[in-house]
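Asks: Next comes protein_20.cif, mmCIF, C-alpha atoms:
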data_entry
#
loop_
_atom_site.group_PDB
_atom_site.id
_atom_site.type_symbol
_atom_site.label_atom_id
_atom_site.label_comp_id
_atom_site.auth_asym_id
_atom_site.auth_seq_id
_atom_site.Cartn_x
_atom_site.Cartn_y
_atom_site.Cartn_z
ATOM 1 C CA ILE B 1 108.798 109.432 135.728
ATOM 2 C CA THR B 2 110.973 108.981 132.627
ATOM 3 C CA ILE B 3 112.158 111.767 130.362
ATOM 4 C CA ILE B 4 111.620 109.949 127.072
ATOM 5 C CA ASP B 5 109.582 106.896 126.108
ATOM 6 C CA THR B 6 110.981 103.606 127.400
ATOM 7 C CA TYR B 7 109.520 101.120 124.909
ATOM 8 C CA ILE B 8 111.619 102.044 121.881
ATOM 9 C CA GLN B 9 114.711 102.413 124.090
ATOM 10 C CA TYR B 10 114.150 98.928 125.430
ATOM 11 C CA LEU B 11 113.694 97.387 121.996
ATOM 12 C CA VAL B 12 116.783 99.136 120.623
ATOM 13 C CA GLY B 13 118.754 97.372 123.340
ATOM 14 C CA VAL B 14 117.206 94.041 122.358
ATOM 15 C CA LEU B 15 118.167 94.766 118.747
ATOM 16 C CA PHE B 16 121.807 95.031 119.794
ATOM 17 C CA LEU B 17 121.454 91.522 121.218
ATOM 18 C CA ARG B 18 119.937 90.321 117.950
ATOM 19 C CA PRO B 19 121.625 92.325 115.173
ATOM 20 C CA GLY B 20 120.316 89.949 112.508
ATOM 21 C CA ARG B 21 116.849 91.399 113.129
ATOM 22 C CA ILE B 22 117.913 94.671 111.508
ATOM 23 C CA PHE B 23 116.859 93.202 108.167
ATOM 24 C CA ILE B 24 113.272 92.590 109.240
ATOM 25 C CA ILE B 25 112.495 95.949 110.864
ATOM 26 C CA LEU B 26 112.749 98.172 107.790
ATOM 27 C CA HIS B 27 108.958 98.327 107.510
ATOM 28 C CA LEU B 28 108.446 99.615 111.053
ATOM 29 C CA PRO B 29 108.905 103.343 110.285
ATOM 30 C CA ILE B 30 106.166 103.015 107.654
ATOM 31 C CA LEU B 31 103.843 101.457 110.214
ATOM 32 C CA ALA B 32 104.657 104.274 112.656
ATOM 33 C CA ILE B 33 103.625 106.836 110.031
ATOM 34 C CA LEU B 34 100.399 104.936 109.329
ATOM 35 C CA ASN B 35 99.731 104.961 113.064
ATOM 36 C CA ILE B 36 99.981 108.756 113.135
ATOM 37 C CA PHE B 37 97.218 108.905 110.528
ATOM 38 C CA GLY B 38 95.074 106.370 112.363
ATOM 39 C CA LEU B 39 95.557 103.593 109.810
ATOM 40 C CA VAL B 40 97.349 101.292 112.271
ATOM 41 C CA THR B 41 96.167 101.005 115.874
ATOM 42 C CA ASP B 42 98.465 101.662 118.832
ATOM 43 C CA GLN B 43 98.140 98.055 119.934
ATOM 44 C CA ASP B 44 98.939 96.648 116.490
ATOM 45 C CA LEU B 45 101.979 98.915 116.183
ATOM 46 C CA LYS B 46 103.156 97.894 119.640
ATOM 47 C CA LEU B 47 102.932 94.204 118.774
ATOM 48 C CA ARG B 48 104.535 94.575 115.351
ATOM 49 C CA PHE B 49 107.567 96.232 116.934
ATOM 50 C CA LEU B 50 107.692 93.484 119.559
ATOM 51 C CA LYS B 51 107.413 90.704 117.003
ATOM 52 C CA SER B 52 110.039 92.152 114.660
ATOM 53 C CA ILE B 53 112.648 92.786 117.352
ATOM 54 C CA ALA B 54 112.006 90.604 120.392
ATOM 55 C CA GLY B 55 109.718 87.810 119.212
ATOM 56 C CA GLY B 56 111.028 84.398 120.263
ATOM 57 C CA ILE B 57 113.800 85.658 122.533
ATOM 58 C CA GLN B 58 114.561 83.515 125.583
ATOM 59 C CA ARG B 59 113.308 84.870 128.913
ATOM 60 C CA ASP B 60 116.675 84.604 130.707
ATOM 61 C CA ARG B 61 118.411 86.498 127.897
ATOM 62 C CA LEU B 62 115.785 89.246 128.053
ATOM 63 C CA GLN B 63 116.088 89.443 131.832
ATOM 64 C CA ARG B 64 119.834 90.040 131.609
ATOM 65 C CA TRP B 65 119.213 93.012 129.317
ATOM 66 C CA THR B 66 116.402 94.241 131.570
ATOM 67 C CA LYS B 67 118.774 94.551 134.543
ATOM 68 C CA ILE B 68 121.069 96.776 132.494
ATOM 69 C CA PHE B 69 118.130 98.737 131.123
ATOM 70 C CA VAL B 70 116.710 99.501 134.571
ATOM 71 C CA ARG B 71 120.066 100.809 135.797
ATOM 72 C CA PHE B 72 120.329 103.015 132.712
ATOM 73 C CA GLN B 73 116.837 104.422 133.291
ATOM 74 C CA MET B 74 117.575 105.250 136.909
ATOM 75 C CA LEU B 75 120.841 106.989 136.029
ATOM 76 C CA PHE B 76 119.927 108.864 132.861
ATOM 77 C CA ASN B 77 116.193 108.851 132.102
ATOM 78 C CA THR B 78 114.321 109.725 135.300
ATOM 79 C CA ARG B 79 112.928 113.117 136.175
ATOM 80 C CA ARG B 80 114.386 114.464 139.397
ATOM 81 C CA LYS B 81 111.102 116.112 140.422
ATOM 82 C CA ALA B 82 109.245 112.853 139.837
ATOM 83 C CA ILE B 83 111.580 111.008 142.194
ATOM 84 C CA GLU B 84 111.199 113.778 144.754
ATOM 85 C CA LYS B 85 107.412 113.474 144.502
ATOM 86 C CA LEU B 86 107.615 109.712 144.975
ATOM 87 C CA ASP B 87 109.727 110.202 148.090
ATOM 88 C CA TYR B 88 107.206 112.726 149.392
ATOM 89 C CA HIS B 89 104.262 110.354 148.974
ATOM 90 C CA LYS B 90 106.237 107.544 150.614
ATOM 91 C CA SER B 91 106.890 109.809 153.605
ATOM 92 C CA GLN B 92 103.141 110.462 153.852
ATOM 93 C CA GLY B 93 102.387 106.753 153.994
ATOM 94 C CA ASP B 94 100.531 106.794 150.672
ATOM 95 C CA ILE B 95 100.033 103.651 148.595
ATOM 96 C CA LEU B 96 102.112 103.988 145.417
ATOM 97 C CA VAL B 97 100.878 102.394 142.180
ATOM 98 C CA LEU B 98 102.844 102.379 138.942
ATOM 99 C CA ALA B 99 100.304 101.821 136.159
ATOM 100 C CA SER B 100 101.700 101.531 132.652
ATOM 101 C CA ALA B 101 100.619 100.241 129.263
ATOM 102 C CA SER B 102 104.184 99.046 128.692
ATOM 103 C CA PHE B 103 105.052 95.370 129.038
ATOM 104 C CA ASP B 104 105.513 93.743 132.416
ATOM 105 C CA PHE B 105 108.943 92.269 131.654
ATOM 106 C CA TYR B 106 110.573 95.666 132.173
ATOM 107 C CA VAL B 107 107.930 97.759 133.968
ATOM 108 C CA ARG B 108 107.895 95.452 136.980
ATOM 109 C CA PRO B 109 111.669 95.659 137.585
ATOM 110 C CA ILE B 110 111.482 99.464 137.348
ATOM 111 C CA ALA B 111 108.598 99.557 139.835
ATOM 112 C CA HIS B 112 110.493 97.227 142.176
ATOM 113 C CA PHE B 113 113.595 99.430 142.021
ATOM 114 C CA LEU B 114 111.532 102.535 142.852
ATOM 115 C CA LYS B 115 109.727 100.683 145.665
ATOM 116 C CA PHE B 116 106.172 101.025 144.393
ATOM 117 C CA ASP B 117 103.592 99.113 146.418
ATOM 118 C CA TYR B 118 101.768 97.869 143.333
ATOM 119 C CA VAL B 119 102.563 97.664 139.642
ATOM 120 C CA ILE B 120 100.006 97.332 136.864
ATOM 121 C CA SER B 121 101.192 96.769 133.300
ATOM 122 C CA THR B 122 100.410 95.029 130.042
ATOM 123 C CA LYS B 123 101.036 91.294 130.458
ATOM 124 C CA SER B 124 103.347 89.469 128.076
ATOM 125 C CA CYS B 125 102.979 85.936 126.702
ATOM 126 C CA TRP B 126 105.551 83.140 126.826
ATOM 127 C CA THR B 127 105.898 79.616 125.513
ATOM 128 C CA LYS B 128 106.340 76.720 127.932
ATOM 129 C CA ASP B 129 110.069 76.690 127.195
ATOM 130 C CA GLY B 130 110.445 80.394 127.996
ATOM 131 C CA LYS B 131 110.332 82.137 124.617
ATOM 132 C CA LEU B 132 108.565 85.472 124.186
ATOM 133 C CA ILE B 133 105.356 85.335 122.155
ATOM 134 C CA PRO B 134 104.616 88.721 120.505
ATOM 135 C CA GLU B 135 101.090 88.915 121.859
ATOM 136 C CA ILE B 136 99.278 90.460 124.816
ATOM 137 C CA ASN B 137 97.992 88.342 127.679
ATOM 138 C CA GLY B 138 94.672 90.074 128.321
ATOM 139 C CA ASN B 139 94.200 93.751 127.524
ATOM 140 C CA ASN B 140 96.554 96.515 126.497
ATOM 141 C CA LEU B 141 96.543 98.439 129.782
ATOM 142 C CA LYS B 142 95.346 101.824 128.559
ATOM 143 C CA GLY B 143 92.330 104.003 129.307
ATOM 144 C CA GLU B 144 89.422 102.304 131.036
ATOM 145 C CA TYR B 145 91.291 98.985 131.125
ATOM 146 C CA LYS B 146 94.008 100.574 133.264
ATOM 147 C CA LEU B 147 91.524 102.213 135.630
ATOM 148 C CA ASN B 148 89.523 99.002 136.017
ATOM 149 C CA GLU B 149 92.670 97.006 136.789
ATOM 150 C CA ILE B 150 93.697 99.522 139.451
ATOM 151 C CA LYS B 151 90.254 99.251 141.040
ATOM 152 C CA ARG B 152 90.386 95.454 140.878
ATOM 153 C CA ILE B 153 93.779 95.190 142.561
ATOM 154 C CA LEU B 154 93.270 97.866 145.229
ATOM 155 C CA GLY B 155 89.630 97.089 145.972
ATOM 156 C CA ASP B 156 88.279 99.190 148.836
ATOM 157 C CA LYS B 157 91.702 100.818 149.348
ATOM 158 C CA ILE B 158 90.943 103.233 146.508
ATOM 159 C CA HIS B 159 88.054 105.601 145.935
ATOM 160 C CA LYS B 160 87.561 108.939 144.278
ATOM 161 C CA THR B 161 88.184 110.985 147.424
ATOM 162 C CA ASN B 162 91.625 109.558 148.234
ATOM 163 C CA SER B 163 93.249 109.105 144.818
ATOM 164 C CA ILE B 164 95.956 111.215 143.178
ATOM 165 C CA VAL B 165 97.000 110.697 139.542
ATOM 166 C CA TYR B 166 100.063 111.940 137.660
ATOM 167 C CA THR B 167 100.288 111.350 133.917
ATOM 168 C CA ASP B 168 101.439 112.908 130.667
ATOM 169 C CA HIS B 169 99.266 110.915 128.252
ATOM 170 C CA ILE B 170 95.781 111.524 126.902
ATOM 171 C CA SER B 171 94.952 107.812 127.138
ATOM 172 C CA ASP B 172 94.916 108.221 130.942
ATOM 173 C CA LEU B 173 91.927 110.563 130.806
ATOM 174 C CA PRO B 174 89.688 108.027 132.640
ATOM 175 C CA LEU B 175 92.177 107.991 135.535
ATOM 176 C CA LEU B 176 92.380 111.770 135.631
ATOM 177 C CA GLU B 177 88.603 112.097 135.692
ATOM 178 C CA PHE B 178 88.330 109.513 138.455
ATOM 179 C CA ALA B 179 90.975 111.040 140.722
ATOM 180 C CA ASN B 180 90.412 113.531 143.508
ATOM 181 C CA GLU B 181 93.653 115.258 142.479
ATOM 182 C CA ALA B 182 94.606 115.123 138.788
ATOM 183 C CA TYR B 183 98.028 116.286 137.597
ATOM 184 C CA VAL B 184 99.171 116.495 133.990
ATOM 185 C CA VAL B 185 102.952 116.447 133.683
ATOM 186 C CA ASN B 186 104.781 118.214 130.831
ATOM 187 C CA PRO B 187 101.776 117.982 128.499
ATOM 188 C CA ASN B 188 101.875 118.174 124.705
ATOM 189 C CA ARG B 189 99.470 120.538 122.949
ATOM 190 C CA GLN B 190 96.538 118.105 122.946
ATOM 191 C CA MET B 191 97.034 117.213 126.584
ATOM 192 C CA LYS B 192 97.450 120.850 127.596
ATOM 193 C CA THR B 193 94.169 121.776 125.890
ATOM 194 C CA THR B 194 92.372 118.905 127.601
ATOM 195 C CA ALA B 195 93.869 119.802 130.983
ATOM 196 C CA ALA B 196 92.725 123.403 130.659
ATOM 197 C CA TYR B 197 89.199 122.324 129.681
ATOM 198 C CA LYS B 198 88.940 119.754 132.475
ATOM 199 C CA ASN B 199 90.648 121.933 135.119
ATOM 200 C CA PHE B 200 93.469 119.471 135.703
ATOM 201 C CA ILE B 201 96.622 120.875 137.296
ATOM 202 C CA ILE B 202 99.620 121.180 134.930
ATOM 203 C CA LEU B 203 103.092 120.440 136.313
ATOM 204 C CA LYS B 204 106.448 121.177 134.709
ATOM 205 C CA TRP B 205 108.969 118.471 135.596
#
As structure tokens, what does this structure read like?

Replies:
Amino acid sequence: ITIIDTYIQYLVGVLFLRPGRIFIILHLPILAILNIFGLVTDQDLKLRFLKSIAGGIQRDRLQRWTKIFVRFQMLFNTRRKAIEKLDYHKSQGDILVLASASFDFYVRPIAHFLKFDYVISTKSCWTKDGKLIPEINGNNLKGEYKLNEIKRILGDKIHKTNSIVYTDHISDLPLLEFANEAYVVNPNRQMKTTAAYKNFIILKW
């Protein structure tokens, strides 16, 4: 749906709210490089970014930024063809599910704005007094975890013969293999190779 990744965009906005954090994020580019070489896991990198930039922020303060962020995404970072495809599926009476490994505190507002029927995302953790804990409540919603959560929420509404999946990420391979119709959107080289091997349909949005 979005043109570029939302997580870093979101955290950059949080950093503007907390400029003092600039002094404790200097190590993050090094961690990102280590992640490329497989020395830091995706989940650990995700949480280290969250801790360094947004850890401890009050929920109401984060929500105010989220409202601005969602408007920005809708105006400047959504793919026109993706929105057209959403409208098409709505007109067909299909059940729309936004499933993302990103955190719920901004994925859910985006899904609500786009009128998805269900939203599945990585769950955040909060203290009793409403401060963000830089941890994951449950699983990082990628791969099999994402597919299993979709099956759990939809129950008998979903099965292999009636499911359509759109994705651009290799971690969603379990979803693509489960679906009756599997579409790979704007794939990178690895994803394009996998799509060709698995006979997934490639879309250019």

Asks: What gap, in Å, lies between atom CA of B:Tyr197 and atom CA of B:Asn140?

Replies: 27.0 Å

Asks: What's the 12 Å shell around B:Ser163, counting only C-alpha atoms, without same-chain residues fewer than 5 positions away, as a PyMOL selection string?

Replies: chain B and resi 89+94-97+147+150-151+154+156-158+175-183

Asks: I'd like the interatomic distance between atom CA of B:Gln190 and atom CA of B:Val119, to a tenth of an Å.

Replies: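 Rounded to one decimal, the two atoms are 27.1 Å apart.
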
Asks: Pick out the residues sitting within 10 Å of B:Ala111, and hand them over as a PyMOL selection string; count all atoms listed in the file, and ignore anything fewer than 3 positions along from it in its own chain.

Replies: chain B and resi 70+96-99+104+106-108+114-120

Asks: Taking the file as I've supplied it (selection: the PyMOL selection byres ((chain B and resi 122) around 6)), which residues are included? Please answer as a ChimeraX atom specification.

Replies: /B:101-104,121,123,140-141

Asks: Taking 4 positions as the minimum chain separation for residues in the same chain, which residues sit within 9 Å of B:Ile83 when counting only C-alpha atoms? Answer as a short mmCIF file (atom, residue, chain, number, x, y, z; two decimals) with C-alpha atoms, in the coordinates of the input.

Replies:
data_model
loop_
_atom_site.label_atom_id
_atom_site.label_comp_id
_atom_site.auth_asym_id
_atom_site.auth_seq_id
_atom_site.Cartn_x
_atom_site.Cartn_y
_atom_site.Cartn_z
CA ILE B 1 108.80 109.43 135.73
CA THR B 78 114.32 109.72 135.30
CA ARG B 79 112.93 113.12 136.18
CA ASP B 87 109.73 110.20 148.09
CA TYR B 88 107.21 112.73 149.39
CA LEU B 114 111.53 102.54 142.85
#

Asks: Please identify all polymer residues within 8 Å of B:Phe49, counting only C-alpha atoms, omitting same-chain residues fewer than 5 positions from it, and present them as a ChimeraX atom specification.

Replies: /B:25,28,54

Asks: Step by step, work through what the PyMOL selection byres ((chain B and resi 66) around 10) selects in the shown file, and finish by giving those residues as number ranges by chain.

Replies: B: 10, 13-14, 60-65, 67-72, 105-107, 109-110

Asks: Go through B:Leu203, B:Val185, B:Ala196, B:Ile53 and flag the residue nearest B:Gly20, using only C-alpha atoms for the distances.

Replies: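 Using only C-alpha atoms, B:Gly20 sits closest to B:Ile53.
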
Asks: Could you tell me which residues the PyMOL selection byres ((chain B and resi 39-46) around 12) grabs in this file, written as a PyMOL selection string?

Replies: chain B and resi 7-8+11+27-38+47-54+101-103+122+124+134-136+139-142+171

Asks: May I ask for the distance between atom CA of B:Asn186 and atom CA of B:Asp168, given in Å to one decimal place?

Replies: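 Going from atom CA of B:Asn186 over to atom CA of B:Asp168 covers 6.3 Å.
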
Asks: Hey, which of B:Met191, B:Ile133, B:Ile4, B:Ile153 ends up closest to B:Phe76? Count only C-alpha atoms.

Replies: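 The answer is B:Ile4, which sits nearest to B:Phe76.
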
Asks: Of the residues B:Val165, B:Leu86, B:Ile24, B:Leu75, which is the one nearest to B:Phe200, using all atoms listed in the file?

Replies: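 When distances to B:Phe200 are compared using all atoms listed in the file, the smallest one comes from B:Val165.
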
Asks: Specify the axis-aligned box that encloses all atoms of stretch 179-195 of chain B listed in the file after padding of 3 Å on each side, stating its centre and edge lengths in Å to one decimal as JSON.

Replies:
{"center_x": 97.6, "center_y": 116.4, "center_z": 133.2, "size_x": 20.4, "size_y": 16.7, "size_z": 26.6}
